[in-house]
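All remarks here apply to the structure that follows.
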Amino acid sequence: MFATSRTWWKRSVAWTVIAASAASGCNRCQYRQAADAEVACLVEEKSDDPRWAKEPDFTVDMDPRSRFHEPYQQECPPMPPDDPSSHQLMHCIYGKTGWKHWHDNGDRPELENPNWRESLASYTRPGKDGTIRVGLDDAVRIGLINSSAYQQQTETLYLSALDVSTERFRFDVQFFGGFGGTYQHLGDQRTGGESNSFTTTLGPNLDFPANFQMRRRSASAAQFLVGFANSFVWQFTGDDSDSTTSLLNFSLIQPLLRNGGRVFGLEQLTLAERVLLANLRAFQQYRQGFYCNVAIGNAGVPNLQRRGGFSGDSGLSGFTGQGTTGFSGVGDANFGRGGVDQGGGGGSAGAVIGLAGGGAGNVGGFIGQLQRLQQIRNNEDSLNLQLRTLALLEANLDAGLIDIAQVDQFRQSIETQRATLLQNRNGLQSQLDSFKVQLGLPPSVDIELDDSLIRKFQLIDRQVTDIQNEVSDFIRRFGELPTEPPVETIQEGFATWEEVRSRSAALFDLTRQDLEQLDRAAKTRHDSMSPDERNTFLQDRQRLAESLNEVRERFDKTGVTFSGLKAGLTPETRRKTGDQFVSLLVELQDLLGELSLVQARTRMEQVSVSSIDLDAPLALEIARSNRLDWMNNRAALVDTWRLIEFNANKLESNLSIFFDGDVSTLGNNPLAIRGPTGRLRAGFQFDPPLTRLVERNNFRAQLISYQQSRRQLVIFEDSINTQLRGHVRNLNQHRLNLEIQRRAVAIAIRRVDQTREALNKPVPPSEPSAPASQFGPTAAQNLLSAVSALSDAQNNFMSVWLAYESTRMQLMRDLGVMQIDDHGLWIDEPFDVIKLRVCPDQYPVPPDIPSGWLQLVPPEPAPPEPKSVPVKK
């Protein structure tokens, strides 16, 4: 008997070990990898259209080079830095000892990826003095790797796919089961006397008749269950007996009215699948907005919206089918699909259809930083021009040709300009810090802006400005010498002159190259000009060439004059030679000033914009066919409409049919299942709709919700139309305004030239016994006004061009035709090519355009033909 008991005990221990091994299941890493693999398959499944297709092998993990990359094991991360006082409550709370394994995975010293700074060089360009050189493409690349906002959208897409996985799982065959063992001892005073027994049960819990189960849910909301239960009992007292019992059962329940049918059974899965598709579209549109936000500070697109996870779970558990509506603007986190959960944690399939807003506005983002940088440079040039002119005014003051009030006015303007420049520089640094945080970098990272995008607005080359400043300083230093400077000092000045004049000669070649560049850019401008404007442009081009030649001839004469001065320098002529040399330096300064104005006018004429032949009706049709949020909003309206039937189902009676049965074993054989032991049962359950007040209210609320959503979609279409019409008008306005500002810059250049020339002209001699003649009382004021007008005109000219390009970028985004490549960069196509791609029927392909440029996307499938619905009178 004891041997038999030992045998059964060994068997029971073996069963327990097997059950414990099975209970361990997969480890955390395997579960995470399985979820990632399934999400990648779901995303690839929905990426069946190139307009919103996601790249293969979709992953939610951040780039290992990112500042926010998780370098530790995600399943068992180390403890992050904690507040010391709060941390004590994890180890001792209310006099009780806490869990002792909190630090088993270690403690991380910082939240950032410790290697991100070393990895920064792998995707950025080095600048000066250890800085990072950042252009527009670099900024986008940095943002894609480090931006937390971009990562959050990726994670929302991932979670939407998890919701689909959960909802699909509800319709899969699900298995449940477990194994348990119980040892029981009864004392000798209990009924039946002392006994010892060990019982094992096969099932998901230890309460018989729980069993090993297989469950399946059908699309019609039917529930099918098949179960198997088994129990072994070993009695260790008395005759050491044992017994076994097995039970095989099944059950089928099918609701026929309320909570039944495909309208109810498939709603959560349908919504989850449609939301995943919508989020794939929204993600592609978000990529367009992300580029626009980095470039111009205007995203103008909705964020992704997840409809599951009401209680922190995946799937749509807790879904009640109550849809609500609301308004939200472009770029708002609530824009697009969805609704506001209301009551009982219920989900929503209502449509939140946003109003499309935004306009050209002020340029922000990376281009906005370049704009501020160039404005600072223009202010610096204006300040340098005033400083160079101040020396001339002070010389005229010493000669009695101008009064002290005008000179002081000029000095005050210089100090004001310095203060403004200091403030602007500080503001630029603050803006750059905010921009770096937007890209996911800390503000302590030093960056250097790549200004190649706005280099065309550096109307006066830095080489010209540097030599002008050098000549101005040379004149000031030479003017401080004694009346009769030593011959050696004059000879040193001659050497400096020859070196400066040699470098100045190269500036004429640089300006001539600008004229050649203007000739190459002339065709683009000719296409947008009227005949009169074209003739004026050609005349201006000819005058620029003549002015350059005239300045060059005068420059060459300075070489002849200098040779005479150099040859005639003696100790006896040093005073006269010094005075003539100063006059020669002033003449060189004037020539460089005239050359800079010719160069500024030449470079200004090179600036142009690409024309866009688009009217408002065509823009609306293109947007209707290509805007991904428009597709999502139409689908969201249908989601709200579909919930009318879902809530109407709740108003019906409860009528369900069921069919179940079971069969058990005979004797002590766990597999001796016999038919005579079986049981079958069939029936129905009916519950009339006696109490449906809550369901009635929900149904009526859904009817209102649908009407609200329908109106919002109409308003959404109107807002898109308004937005596109505004873009078209703004483009035309900016294009015309660019020519206005171009003429304003030309006028400002002439004003500066004329006022400086007036100050350099000798004053007419005064009458005998009359006070010395002076410049007019407004000479300094005229120059200040001209210099200020030139700086303002340059800034306005650049601002209008940037506003045009910003509006053009927004137009491409809002039309839904902006293409973003795999690196997150905008493929800036000519608009004629875009029209051929999106409207091939209206615009036949010209023979000179390669077919590979078009890459036609498949048209959106047409909706089914609507049935005629009689209008209720």
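Chain labels run A, B, ... following the order of the structure tokens; each chain numbers its residues from 1, and ligands are numbered from 1 in the order shown.
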| said: Could you list, as JSON, numbers by chain, every residue within 10 Å of A:Ser119, counting only C-alpha atoms and ignoring same-chain residues fewer than 6 positions away? | reply: {"A": [64, 65, 66, 67]}
| said: Let's see if you can do this: from backbone DSSP, list all helix (DSSP H, G or I) residues in stretch 391-586 of chain A, as an MDAnalysis selection string. | reply: chainID A and resid 391:398 404:439 452:457 462:479 487:526 531:567 574:586
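Across the model, the gap from atom CA of A:Arg108 to atom CA of A:Cys92 is 21.8 Å.
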